[in-house]
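Asker: Okay, handing you the structure first.
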Amino acid sequence: MSIKRGCSLYSLQENFYLGKLDLEGCVREAAKAGAEGIELIPEQMCWQEYLAPSDAFADRWKSWMEKYGVKSVVMDVFFDYILFKNRVLTKKEQIAMYENNIQFAVKLGFPIVRAMMSTNLNILEEMWRIGEHYGVQFGIEVHAPATLTSPYFEKLMNRMEQTGTKFGGIIPDMSIFSVRPPKVQMDKQVRAGANPELVDFIVDSYVKKVPYADCVEQIRGMGAKEIDFATCKRAYASISSDPEELRLGKGKIIHIHGKVYEMDENCEETAINYRDSIEILKEIGYEGYIATEYEGQRSFHDAAYGPGGADEIEQVRRHQVMLKRYIGA
Amino acid sequence: MLFEKYALCEDGFGNIYDENGDVAGFRLKARLPYYRAVRLSLVDKITVKIDGQEYPDDQIYVTVADGTFSLKEMETCYDIYWGFGEKATITVRNADGIGRAFTTGWHRVEVGIYLRIIYVSGGFSAVCEKMLYDEY
């Protein structure tokens with residue numbers, strides 16, 4: 001058994017948005033690009049079904065899995081508890097919303113749902129209990145600005161230990177192992193008016209681990225304007241925790257989001273430390289999926305960039321090549 | 001942010017007319033500046049400006065696959081979606097329309113869409129401005 005390769009259809013969002021690919025097309029292209037498993041965001045690509053799931057759609061979805069030789073791996077769910085302007089959903093309503101999501105996951109054949117850190121710890125155990133009832137694991141994504149050592153995740157993992165649940169889990173997003181702010185994001189900042197020399201200085205400072213406050217003071221002395229300060233904030237929003245922290249998740253990691261900002265021609269993601277992360281995942285015995293989650297397309301969504309943008313399919317293909325190389329299977 | 005250059009569509013902009021042929025307002029098409037469909041109650045605010053003139057909330061209506069709603073009505077539309085990538089029609093019911101006051105068919109159109117999304121402080125939003133031609 002080894003780590004498996006998946007693809008979140010999030011990676012093909014712009015193709016879908018512009019009507020170039022429909023949902024089946026996205027599954028087809030993800031499979032062609034090398035994915036063995038599929039991650040789906042229903043509210044992104046099949047929202048009409050989300051509130052009133054039909055047997056016909058579920059049959060169609062399962063037939064695509066068979067047709068393209070892929071498995072349903074994870075379904076992404078959201079937590080819109082500020083659904084109304086005038087109030088926050090009650091705890092009962094929040095749990096009901098999540099339970100609906102889990103029922104949809106069961107209908108389509110997904111064994112795992114991915115929820116976000118905005119989920120209050122006080123409903124987590126209820127979700128694990130509900131997950132057990134349906135046979136679906138309820139995982140929380142570890143994403144910037146948090147890391148595996150954040151208090152939220154320390155408490156979550158402790159509670160998993162204490163209850164002995166098999167239906168909880170964490171889902172680290174590889175972007176928490178960034179080594180530099182993504183180049184495509186910094187390019188967008190330059191198009192927005194940031195001084196290219198200051199941007200280089202900021203990236204250099206980040207890599208050298210100059211504290212954020214010091215970097216801000218230094219660029220202030222170099223004549224930074226508002227957009228340059230905003231760029232500094234953006235750059236330092238990248239989290240570069242030590243992949244060693246993955247060891248804390250031994251037995252608790254149920255999925256991995258393989259974040260991609262930009263794959264280069266050598267099929268490397270130079271902004272994220274995949275090599276060490278995957279090595280450690282192997283050492284701790286992780287045998288789930290790493291799902292490509294390409295997010296670089298939004299770095300070309302500014303008017304200043306002009307028409308056109310990312311080649312999502314090619315980015316997924318290159319990431320799958322990289323995963324094959326580091327997983328070694 | 002994301003999809004900001006796509007939020008305001010190039011097609012579908014222009015006057016609307018009542019049954020007597022008089023200008024009753026104008027419309028434009030817009031897409032969400034976000035990576036998933038949203039329930040209409042999550043739309044916090046929509047702003048519309050034509051050549052610098054802003055239009056009040058109570059004149060603004062949004063048409064999605066499931067129907068047409070005023071901004072006020074949208075506050076309780078928790079199970080009605082604006083789809084991901086869906087071109088919604090935003091109608092401003094205002095008797096001045098755009099055709100009467102101006103001499104050319106080209107206008108500076110700006111739409112602002114603000115979404116109340118819990119996991120990002122300030123939510124997701126985009127203000128998109130383009131020169132559009134009055135098709136109607």
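Going by the structure tokens order, chains are called A, B, ..., each with residues numbered from 1, while ligands are numbered from 1 in the order shown.
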When the cut-off is 7 Å and we count only C-alpha atoms, which residues of chain A are near chain B, given as a PyMOL selection string?
Answerer: chain A and resi 17-18+43-44+47+80+82-85+118+298+301-303
Asker: Next, dump the selected residues to file, keeping only C-alpha atoms, as a PDB file, in the first residue's frame.
Answerer:
```
ATOM      1  CA  TYR A  17     -16.719  28.819 -14.638  1.00  0.00           C
ATOM      2  CA  LEU A  18     -16.209  29.799 -18.271  1.00  0.00           C
ATOM      3  CA  GLU A  43     -21.476  23.752  -4.207  1.00  0.00           C
ATOM      4  CA  GLN A  44     -18.947  24.490  -6.918  1.00  0.00           C
ATOM      5  CA  TRP A  47     -25.131  22.966  -6.506  1.00  0.00           C
ATOM      6  CA  ASP A  80     -22.190  29.097   6.274  1.00  0.00           C
ATOM      7  CA  ILE A  82     -23.789  33.410   9.022  1.00  0.00           C
ATOM      8  CA  LEU A  83     -26.441  32.377   6.531  1.00  0.00           C
ATOM      9  CA  PHE A  84     -28.591  35.309   7.577  1.00  0.00           C
ATOM     10  CA  LYS A  85     -27.663  38.963   7.983  1.00  0.00           C
ATOM     11  CA  SER A 118     -14.274  27.688  11.328  1.00  0.00           C
ATOM     12  CA  ARG A 298      -6.779  33.285  -9.507  1.00  0.00           C
ATOM     13  CA  HIS A 301      -7.864  37.191 -12.566  1.00  0.00           C
ATOM     14  CA  ASP A 302      -6.955  40.875 -12.327  1.00  0.00           C
ATOM     15  CA  ALA A 303      -8.027  43.180 -15.161  1.00  0.00           C
TER      16      ALA A 303
END
```
Asker: Considering only C-alpha atoms, return as an MDAnalysis selection string whatever protein or nucleic-acid residues lie within 10 Å of range 140-150 of chain A, sequence-local ones (same chain, fewer than 5 positions apart) excluded.
Answerer: chainID A and resid 76 113:119 124 155:157 168:177 237:243 245:249 253:257
Asker: Could you write out the selected residues, including N, CA and C atoms, as an mmCIF file, in the first residue's frame?
Answerer:
```cif
data_model
loop_
_atom_site.group_PDB
_atom_site.id
_atom_site.type_symbol
_atom_site.label_atom_id
_atom_site.label_comp_id
_atom_site.auth_asym_id
_atom_site.auth_seq_id
_atom_site.Cartn_x
_atom_site.Cartn_y
_atom_site.Cartn_z
ATOM 1 N N ASP A 76 -15.981 18.231 -0.233
ATOM 2 C CA ASP A 76 -15.729 19.444 0.565
ATOM 3 C C ASP A 76 -17.032 20.105 0.983
ATOM 4 N N VAL A 113 -15.617 13.598 4.420
ATOM 5 C CA VAL A 113 -15.944 14.992 4.101
ATOM 6 C C VAL A 113 -14.873 15.890 4.698
ATOM 7 N N ARG A 114 -14.599 16.990 3.997
ATOM 8 C CA ARG A 114 -13.640 17.965 4.476
ATOM 9 C C ARG A 114 -14.389 19.196 4.941
ATOM 10 N N ALA A 115 -14.240 19.502 6.238
ATOM 11 C CA ALA A 115 -14.836 20.715 6.791
ATOM 12 C C ALA A 115 -13.698 21.683 7.130
ATOM 13 N N MET A 116 -14.048 22.896 7.527
ATOM 14 C CA MET A 116 -13.010 23.913 7.741
ATOM 15 C C MET A 116 -12.818 24.238 9.220
ATOM 16 N N MET A 117 -11.723 24.968 9.483
ATOM 17 C CA MET A 117 -11.349 25.318 10.848
ATOM 18 C C MET A 117 -12.369 26.221 11.529
ATOM 19 N N SER A 118 -13.247 26.839 10.735
ATOM 20 C CA SER A 118 -14.274 27.688 11.328
ATOM 21 C C SER A 118 -15.291 26.852 12.107
ATOM 22 N N THR A 119 -15.191 25.525 12.027
ATOM 23 C CA THR A 119 -16.055 24.636 12.809
ATOM 24 C C THR A 119 -15.671 24.730 14.272
ATOM 25 N N LEU A 124 -17.653 19.358 17.364
ATOM 26 C CA LEU A 124 -16.840 18.356 16.677
ATOM 27 C C LEU A 124 -17.187 16.927 17.084
ATOM 28 N N LYS A 155 -6.006 20.739 20.500
ATOM 29 C CA LYS A 155 -7.219 20.320 21.227
ATOM 30 C C LYS A 155 -7.960 19.241 20.451
ATOM 31 N N LEU A 156 -8.066 19.442 19.119
ATOM 32 C CA LEU A 156 -8.795 18.495 18.279
ATOM 33 C C LEU A 156 -8.149 17.112 18.365
ATOM 34 N N MET A 157 -6.826 17.072 18.211
ATOM 35 C CA MET A 157 -6.132 15.780 18.197
ATOM 36 C C MET A 157 -6.170 15.119 19.591
ATOM 37 N N GLY A 168 -13.011 10.918 13.107
ATOM 38 C CA GLY A 168 -12.479 12.277 13.059
ATOM 39 C C GLY A 168 -11.225 12.256 12.214
ATOM 40 N N GLY A 169 -10.581 13.397 12.061
ATOM 41 C CA GLY A 169 -9.332 13.436 11.309
ATOM 42 C C GLY A 169 -8.935 14.844 10.951
ATOM 43 N N ILE A 170 -7.688 14.986 10.527
ATOM 44 C CA ILE A 170 -7.224 16.277 10.039
ATOM 45 C C ILE A 170 -6.764 16.142 8.591
ATOM 46 N N ILE A 171 -6.858 17.251 7.865
ATOM 47 C CA ILE A 171 -6.530 17.261 6.430
ATOM 48 C C ILE A 171 -5.553 18.402 6.177
ATOM 49 N N PRO A 172 -4.248 18.170 6.334
ATOM 50 C CA PRO A 172 -3.273 19.239 6.098
ATOM 51 C C PRO A 172 -3.256 19.695 4.645
ATOM 52 N N ASP A 173 -3.213 21.012 4.472
ATOM 53 C CA ASP A 173 -3.037 21.608 3.146
ATOM 54 C C ASP A 173 -1.553 21.895 3.006
ATOM 55 N N MET A 174 -0.937 21.402 1.952
ATOM 56 C CA MET A 174 0.515 21.517 1.793
ATOM 57 C C MET A 174 1.032 22.953 1.805
ATOM 58 N N SER A 175 0.155 23.923 1.605
ATOM 59 C CA SER A 175 0.610 25.316 1.607
ATOM 60 C C SER A 175 1.147 25.747 2.970
ATOM 61 N N ILE A 176 0.866 24.955 4.027
ATOM 62 C CA ILE A 176 1.443 25.331 5.325
ATOM 63 C C ILE A 176 2.931 25.006 5.380
ATOM 64 N N PHE A 177 3.422 24.323 4.339
ATOM 65 C CA PHE A 177 4.866 24.051 4.235
ATOM 66 C C PHE A 177 5.467 24.859 3.092
ATOM 67 N N ALA A 237 1.773 36.199 4.768
ATOM 68 C CA ALA A 237 0.628 35.340 5.077
ATOM 69 C C ALA A 237 0.942 33.890 4.708
ATOM 70 N N SER A 238 1.959 33.689 3.868
ATOM 71 C CA SER A 238 2.395 32.317 3.558
ATOM 72 C C SER A 238 2.957 31.701 4.830
ATOM 73 N N ILE A 239 2.558 30.499 5.110
ATOM 74 C CA ILE A 239 3.018 29.818 6.328
ATOM 75 C C ILE A 239 4.153 28.874 5.954
ATOM 76 N N SER A 240 5.274 28.944 6.680
ATOM 77 C CA SER A 240 6.318 27.955 6.403
ATOM 78 C C SER A 240 6.646 27.161 7.656
ATOM 79 N N SER A 241 5.736 26.275 8.013
ATOM 80 C CA SER A 241 6.038 25.411 9.159
ATOM 81 C C SER A 241 6.920 24.252 8.704
ATOM 82 N N ASP A 242 7.520 23.605 9.675
ATOM 83 C CA ASP A 242 8.448 22.499 9.445
ATOM 84 C C ASP A 242 7.649 21.233 9.133
ATOM 85 N N PRO A 243 7.952 20.578 8.005
ATOM 86 C CA PRO A 243 7.259 19.329 7.689
ATOM 87 C C PRO A 243 7.316 18.296 8.813
ATOM 88 N N GLU A 245 6.406 18.621 11.617
ATOM 89 C CA GLU A 245 5.156 18.728 12.382
ATOM 90 C C GLU A 245 4.127 17.701 11.936
ATOM 91 N N LEU A 246 4.305 17.178 10.725
ATOM 92 C CA LEU A 246 3.373 16.157 10.242
ATOM 93 C C LEU A 246 3.368 14.927 11.139
ATOM 94 N N ARG A 247 4.481 14.699 11.830
ATOM 95 C CA ARG A 247 4.563 13.529 12.721
ATOM 96 C C ARG A 247 3.510 13.595 13.828
ATOM 97 N N LEU A 248 3.142 14.818 14.216
ATOM 98 C CA LEU A 248 2.097 14.983 15.239
ATOM 99 C C LEU A 248 0.768 14.398 14.752
ATOM 100 N N GLY A 249 0.622 14.294 13.431
ATOM 101 C CA GLY A 249 -0.634 13.828 12.861
ATOM 102 C C GLY A 249 -0.679 12.348 12.565
ATOM 103 N N ILE A 253 -4.132 11.880 10.246
ATOM 104 C CA ILE A 253 -4.258 12.515 8.936
ATOM 105 C C ILE A 253 -5.063 11.588 8.033
ATOM 106 N N ILE A 254 -6.195 12.063 7.530
ATOM 107 C CA ILE A 254 -7.035 11.198 6.690
ATOM 108 C C ILE A 254 -7.022 11.619 5.220
ATOM 109 N N HIS A 255 -6.392 12.764 4.918
ATOM 110 C CA HIS A 255 -6.344 13.244 3.532
ATOM 111 C C HIS A 255 -5.343 14.383 3.482
ATOM 112 N N ILE A 256 -4.829 14.651 2.302
ATOM 113 C CA ILE A 256 -3.901 15.777 2.120
ATOM 114 C C ILE A 256 -4.341 16.621 0.923
ATOM 115 N N HIS A 257 -4.369 17.940 1.128
ATOM 116 C CA HIS A 257 -4.615 18.838 -0.006
ATOM 117 C C HIS A 257 -3.269 19.204 -0.623
#
```
Asker: Between B:Gly14, B:Gly67, B:Gly112, B:Gly97, which is the closest to Thr47 in chain B once you count only C-alpha atoms?
Answerer: B:Gly112
Asker: Out of A:Lys107, A:Arg129, A:His319, A:Lys188, which residue has the shortest atom-to-atom distance to Glu269 in chain A when counting only C-alpha atoms?
Answerer: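 Closest to Glu269 in chain A of all the choices is A:His319.
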Asker: So that I can check the surroundings of Gly52 in chain B, please list as a ChimeraX atom specification every protein, DNA and RNA residue that reaches within 12 Å of it, counting only C-alpha atoms and ignoring chain neighbours fewer than 2 positions away.
Answerer: /B:47-50,54-55,107-111,129
Asker: Let's have the selection written as a PDB file, in the first residue's frame, with N, CA and C atoms.
Answerer:
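Below you can see selection.pdb, which holds the result:
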```
ATOM      1  N   THR B  47     -23.507  46.772  -5.526  1.00  0.00           N
ATOM      2  CA  THR B  47     -23.500  48.190  -5.906  1.00  0.00           C
ATOM      3  C   THR B  47     -23.427  48.288  -7.420  1.00  0.00           C
ATOM      4  N   VAL B  48     -24.131  49.274  -7.975  1.00  0.00           N
ATOM      5  CA  VAL B  48     -24.125  49.498  -9.422  1.00  0.00           C
ATOM      6  C   VAL B  48     -23.881  50.970  -9.692  1.00  0.00           C
ATOM      7  N   LYS B  49     -22.908  51.246 -10.583  1.00  0.00           N
ATOM      8  CA  LYS B  49     -22.610  52.635 -10.962  1.00  0.00           C
ATOM      9  C   LYS B  49     -22.538  52.714 -12.473  1.00  0.00           C
ATOM     10  N   ILE B  50     -23.181  53.713 -13.054  1.00  0.00           N
ATOM     11  CA  ILE B  50     -23.050  53.958 -14.486  1.00  0.00           C
ATOM     12  C   ILE B  50     -22.488  55.359 -14.650  1.00  0.00           C
ATOM     13  N   GLU B  54     -24.282  56.349  -8.852  1.00  0.00           N
ATOM     14  CA  GLU B  54     -24.632  55.134  -8.121  1.00  0.00           C
ATOM     15  C   GLU B  54     -26.150  55.031  -7.989  1.00  0.00           C
ATOM     16  N   TYR B  55     -26.644  53.786  -7.924  1.00  0.00           N
ATOM     17  CA  TYR B  55     -28.086  53.551  -7.837  1.00  0.00           C
ATOM     18  C   TYR B  55     -28.454  52.953  -6.486  1.00  0.00           C
ATOM     19  N   HIS B 107     -20.759  53.214 -22.102  1.00  0.00           N
ATOM     20  CA  HIS B 107     -20.835  53.726 -20.741  1.00  0.00           C
ATOM     21  C   HIS B 107     -19.815  53.040 -19.851  1.00  0.00           C
ATOM     22  N   ARG B 108     -19.395  53.774 -18.817  1.00  0.00           N
ATOM     23  CA  ARG B 108     -18.490  53.178 -17.824  1.00  0.00           C
ATOM     24  C   ARG B 108     -19.362  52.498 -16.777  1.00  0.00           C
ATOM     25  N   VAL B 109     -19.342  51.185 -16.793  1.00  0.00           N
ATOM     26  CA  VAL B 109     -20.211  50.397 -15.916  1.00  0.00           C
ATOM     27  C   VAL B 109     -19.390  49.779 -14.807  1.00  0.00           C
ATOM     28  N   GLU B 110     -19.884  49.898 -13.581  1.00  0.00           N
ATOM     29  CA  GLU B 110     -19.179  49.305 -12.450  1.00  0.00           C
ATOM     30  C   GLU B 110     -20.165  48.522 -11.596  1.00  0.00           C
ATOM     31  N   VAL B 111     -19.829  47.279 -11.307  1.00  0.00           N
ATOM     32  CA  VAL B 111     -20.655  46.483 -10.390  1.00  0.00           C
ATOM     33  C   VAL B 111     -19.789  46.005  -9.227  1.00  0.00           C
ATOM     34  N   GLU B 129     -15.038  47.086 -13.190  1.00  0.00           N
ATOM     35  CA  GLU B 129     -15.461  48.202 -14.034  1.00  0.00           C
ATOM     36  C   GLU B 129     -15.060  47.951 -15.475  1.00  0.00           C
TER      37      GLU B 129
END
```
Asker: Env of Glu135 in chain B: 12 Å cut, atoms = only C-alpha atoms, seq-sep filter 5 positions within chain, self excluded. Answer as a ChimeraX atom specification.
Answerer: /B:10-16,26-28,98-99,104-107
Asker: Using N, CA and C atoms, can you export the residues from the last selection as a PDB file, in the first residue's frame?
Answerer:
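Final output, out00.pdb:
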```pdb
ATOM      1  N   GLU B  10     -19.428  41.136 -20.437  1.00  0.00           N
ATOM      2  CA  GLU B  10     -19.412  42.100 -21.537  1.00  0.00           C
ATOM      3  C   GLU B  10     -20.747  42.154 -22.272  1.00  0.00           C
ATOM      4  N   ASP B  11     -21.525  41.079 -22.142  1.00  0.00           N
ATOM      5  CA  ASP B  11     -22.796  41.044 -22.865  1.00  0.00           C
ATOM      6  C   ASP B  11     -23.965  41.353 -21.928  1.00  0.00           C
ATOM      7  N   GLY B  12     -25.081  41.686 -22.510  1.00  0.00           N
ATOM      8  CA  GLY B  12     -26.312  41.832 -21.739  1.00  0.00           C
ATOM      9  C   GLY B  12     -26.529  43.158 -21.061  1.00  0.00           C
ATOM     10  N   PHE B  13     -25.784  44.203 -21.457  1.00  0.00           N
ATOM     11  CA  PHE B  13     -25.939  45.504 -20.812  1.00  0.00           C
ATOM     12  C   PHE B  13     -26.831  46.407 -21.650  1.00  0.00           C
ATOM     13  N   GLY B  14     -27.751  47.083 -20.993  1.00  0.00           N
ATOM     14  CA  GLY B  14     -28.542  48.058 -21.735  1.00  0.00           C
ATOM     15  C   GLY B  14     -29.858  48.381 -21.066  1.00  0.00           C
ATOM     16  N   ASN B  15     -30.617  49.262 -21.695  1.00  0.00           N
ATOM     17  CA  ASN B  15     -31.904  49.699 -21.162  1.00  0.00           C
ATOM     18  C   ASN B  15     -32.909  48.562 -21.132  1.00  0.00           C
ATOM     19  N   ILE B  16     -33.897  48.704 -20.248  1.00  0.00           N
ATOM     20  CA  ILE B  16     -35.095  47.861 -20.323  1.00  0.00           C
ATOM     21  C   ILE B  16     -36.289  48.800 -20.530  1.00  0.00           C
ATOM     22  N   PHE B  26     -32.454  49.665 -16.450  1.00  0.00           N
ATOM     23  CA  PHE B  26     -31.420  49.030 -17.267  1.00  0.00           C
ATOM     24  C   PHE B  26     -30.965  47.747 -16.606  1.00  0.00           C
ATOM     25  N   ARG B  27     -30.227  46.954 -17.343  1.00  0.00           N
ATOM     26  CA  ARG B  27     -29.743  45.684 -16.800  1.00  0.00           C
ATOM     27  C   ARG B  27     -28.293  45.443 -17.200  1.00  0.00           C
ATOM     28  N   LEU B  28     -27.662  44.560 -16.468  1.00  0.00           N
ATOM     29  CA  LEU B  28     -26.322  44.095 -16.827  1.00  0.00           C
ATOM     30  C   LEU B  28     -26.220  42.651 -16.358  1.00  0.00           C
ATOM     31  N   ILE B  98     -30.560  54.464 -18.911  1.00  0.00           N
ATOM     32  CA  ILE B  98     -29.282  55.062 -19.265  1.00  0.00           C
ATOM     33  C   ILE B  98     -29.366  55.750 -20.609  1.00  0.00           C
ATOM     34  N   GLY B  99     -30.367  55.353 -21.420  1.00  0.00           N
ATOM     35  CA  GLY B  99     -30.400  55.832 -22.796  1.00  0.00           C
ATOM     36  C   GLY B  99     -30.779  57.287 -22.943  1.00  0.00           C
ATOM     37  N   THR B 104     -23.973  58.784 -26.222  1.00  0.00           N
ATOM     38  CA  THR B 104     -23.289  57.669 -26.879  1.00  0.00           C
ATOM     39  C   THR B 104     -23.766  56.352 -26.294  1.00  0.00           C
ATOM     40  N   GLY B 105     -23.535  55.249 -27.003  1.00  0.00           N
ATOM     41  CA  GLY B 105     -23.957  53.937 -26.531  1.00  0.00           C
ATOM     42  C   GLY B 105     -22.967  53.322 -25.556  1.00  0.00           C
ATOM     43  N   TRP B 106     -21.777  53.932 -25.386  1.00  0.00           N
ATOM     44  CA  TRP B 106     -20.751  53.376 -24.495  1.00  0.00           C
ATOM     45  C   TRP B 106     -20.842  54.024 -23.123  1.00  0.00           C
ATOM     46  N   HIS B 107     -20.759  53.214 -22.102  1.00  0.00           N
ATOM     47  CA  HIS B 107     -20.835  53.726 -20.741  1.00  0.00           C
ATOM     48  C   HIS B 107     -19.815  53.040 -19.851  1.00  0.00           C
TER      49      HIS B 107
END
```
Asker: Just the strand (DSSP E or B) stuff from range 4-105 of chain B, please, per backbone DSSP, written as number ranges by chain.
Answerer: B: 8, 14-17, 23-30, 38-39, 43-50, 53-54, 60-64, 67-70, 81-82, 88-93
Asker: If you measure from CA of Val321 in chain A to CA of Arg5 in chain A, what distance in Å do you get, rounded to one decimal?
Answerer: 9.9 Å
Asker: Just asking: which residues within range 100-247 of chain A are helix (DSSP H, G or I) according to DSSP, as an NGL selection string?
Answerer: :A and (100-108 or 121-134 or 151-163 or 174-176 or 183-191 or 196-207 or 212-221 or 226-236 or 243-247)
Asker: For Arg234 in chain A, which residue among A:Ser205, A:Gln185, A:Ser63, A:Gln218 is the nearest when counting only C-alpha atoms?
Answerer: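 Of all the options, A:Gln185 lies closest to Arg234 in chain A.
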Asker: Which residue out of A:Leu89, A:Cys232, A:Ile38, A:Ile3 has the minimum interatomic distance to Glu279 in chain A when only C-alpha atoms are used?
Answerer: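 Of all the options, A:Ile3 lies closest to Glu279 in chain A.
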Asker: Nearest to Glu126 in chain A among A:Val190, A:Leu9, A:Ala96, A:Val27, with distances taken over only C-alpha atoms: which residue is it?
Answerer: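 Using only C-alpha atoms, the shortest distance to Glu126 in chain A belongs to A:Ala96.
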Asker: Can you pull out every residue within 10 Å of Ala194 in chain A, counting only C-alpha atoms, but drop anything in the same chain fewer than 3 positions away, and send it as a PyMOL selection string?
Answerer: chain A and resi 186-191+197-199+224-232
Asker: Between CA of Asp66 in chain B and CA of Phe124 in chain B, what is the spacing in Å?
Answerer: 22.9 Å
Asker: What lies within 12 Å of Val70 in chain A using only C-alpha atoms, ignoring chain neighbours under 4 positions off, as an NGL selection string?
Answerer: :A and (4-7 or 27-39 or 61-66)
Asker: Keeping only N, CA and C atoms, write the selected residues as an mmCIF file, in the first residue's frame.
Answerer:
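Full text of selection_0.cif as output:
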```cif
data_model
loop_
_atom_site.group_PDB
_atom_site.id
_atom_site.type_symbol
_atom_site.label_atom_id
_atom_site.label_comp_id
_atom_site.auth_asym_id
_atom_site.auth_seq_id
_atom_site.Cartn_x
_atom_site.Cartn_y
_atom_site.Cartn_z
ATOM 1 N N LYS A 4 -1.698 7.541 -2.308
ATOM 2 C CA LYS A 4 -2.368 7.548 -3.618
ATOM 3 C C LYS A 4 -2.527 8.976 -4.132
ATOM 4 N N ARG A 5 -2.710 9.093 -5.448
ATOM 5 C CA ARG A 5 -2.822 10.414 -6.078
ATOM 6 C C ARG A 5 -4.269 10.763 -6.394
ATOM 7 N N GLY A 6 -4.692 11.929 -5.910
ATOM 8 C CA GLY A 6 -6.047 12.375 -6.220
ATOM 9 C C GLY A 6 -6.003 13.731 -6.895
ATOM 10 N N CYS A 7 -7.181 14.215 -7.259
ATOM 11 C CA CYS A 7 -7.290 15.567 -7.808
ATOM 12 C C CYS A 7 -8.597 16.173 -7.339
ATOM 13 N N VAL A 27 -14.121 15.574 -14.414
ATOM 14 C CA VAL A 27 -13.723 14.241 -13.938
ATOM 15 C C VAL A 27 -12.828 13.573 -14.983
ATOM 16 N N ARG A 28 -13.244 13.687 -16.241
ATOM 17 C CA ARG A 28 -12.504 13.068 -17.350
ATOM 18 C C ARG A 28 -11.081 13.615 -17.432
ATOM 19 N N GLU A 29 -10.960 14.968 -17.381
ATOM 20 C CA GLU A 29 -9.634 15.576 -17.507
ATOM 21 C C GLU A 29 -8.751 15.272 -16.303
ATOM 22 N N ALA A 30 -9.348 15.232 -15.110
ATOM 23 C CA ALA A 30 -8.565 14.907 -13.916
ATOM 24 C C ALA A 30 -8.014 13.485 -14.033
ATOM 25 N N ALA A 31 -8.843 12.571 -14.498
ATOM 26 C CA ALA A 31 -8.405 11.176 -14.661
ATOM 27 C C ALA A 31 -7.315 11.079 -15.721
ATOM 28 N N LYS A 32 -7.519 11.782 -16.833
ATOM 29 C CA LYS A 32 -6.528 11.761 -17.924
ATOM 30 C C LYS A 32 -5.193 12.310 -17.449
ATOM 31 N N ALA A 33 -5.242 13.312 -16.562
ATOM 32 C CA ALA A 33 -4.018 13.948 -16.083
ATOM 33 C C ALA A 33 -3.290 13.091 -15.057
ATOM 34 N N GLY A 34 -3.898 11.984 -14.649
ATOM 35 C CA GLY A 34 -3.180 11.060 -13.771
ATOM 36 C C GLY A 34 -3.829 10.758 -12.435
ATOM 37 N N ALA A 35 -4.940 11.410 -12.120
ATOM 38 C CA ALA A 35 -5.540 11.205 -10.801
ATOM 39 C C ALA A 35 -6.167 9.825 -10.666
ATOM 40 N N GLU A 36 -6.030 9.260 -9.452
ATOM 41 C CA GLU A 36 -6.655 7.972 -9.141
ATOM 42 C C GLU A 36 -7.933 8.189 -8.326
ATOM 43 N N GLY A 37 -8.028 9.349 -7.687
ATOM 44 C CA GLY A 37 -9.191 9.653 -6.860
ATOM 45 C C GLY A 37 -9.675 11.062 -7.120
ATOM 46 N N ILE A 38 -10.954 11.306 -6.842
ATOM 47 C CA ILE A 38 -11.558 12.611 -7.114
ATOM 48 C C ILE A 38 -12.062 13.253 -5.831
ATOM 49 N N GLU A 39 -11.768 14.556 -5.687
ATOM 50 C CA GLU A 39 -12.326 15.344 -4.598
ATOM 51 C C GLU A 39 -13.303 16.327 -5.237
ATOM 52 N N TRP A 61 -23.098 10.055 -11.327
ATOM 53 C CA TRP A 61 -21.782 10.291 -10.703
ATOM 54 C C TRP A 61 -21.016 8.973 -10.580
ATOM 55 N N LYS A 62 -21.698 7.964 -10.074
ATOM 56 C CA LYS A 62 -21.028 6.670 -9.875
ATOM 57 C C LYS A 62 -20.624 6.055 -11.220
ATOM 58 N N SER A 63 -21.440 6.290 -12.248
ATOM 59 C CA SER A 63 -21.092 5.732 -13.560
ATOM 60 C C SER A 63 -19.834 6.411 -14.107
ATOM 61 N N TRP A 64 -19.656 7.727 -13.811
ATOM 62 C CA TRP A 64 -18.440 8.421 -14.257
ATOM 63 C C TRP A 64 -17.203 7.862 -13.548
ATOM 64 N N MET A 65 -17.364 7.528 -12.255
ATOM 65 C CA MET A 65 -16.221 6.974 -11.514
ATOM 66 C C MET A 65 -15.760 5.697 -12.207
ATOM 67 N N GLU A 66 -16.735 4.889 -12.590
ATOM 68 C CA GLU A 66 -16.443 3.612 -13.251
ATOM 69 C C GLU A 66 -15.861 3.859 -14.645
#
```
Asker: Rounded to one decimal in Å, what is the spacing between CA of Thr91 in chain B and CA of Ser70 in chain B?
Answerer: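 Interatomic distance here is 9.3 Å.
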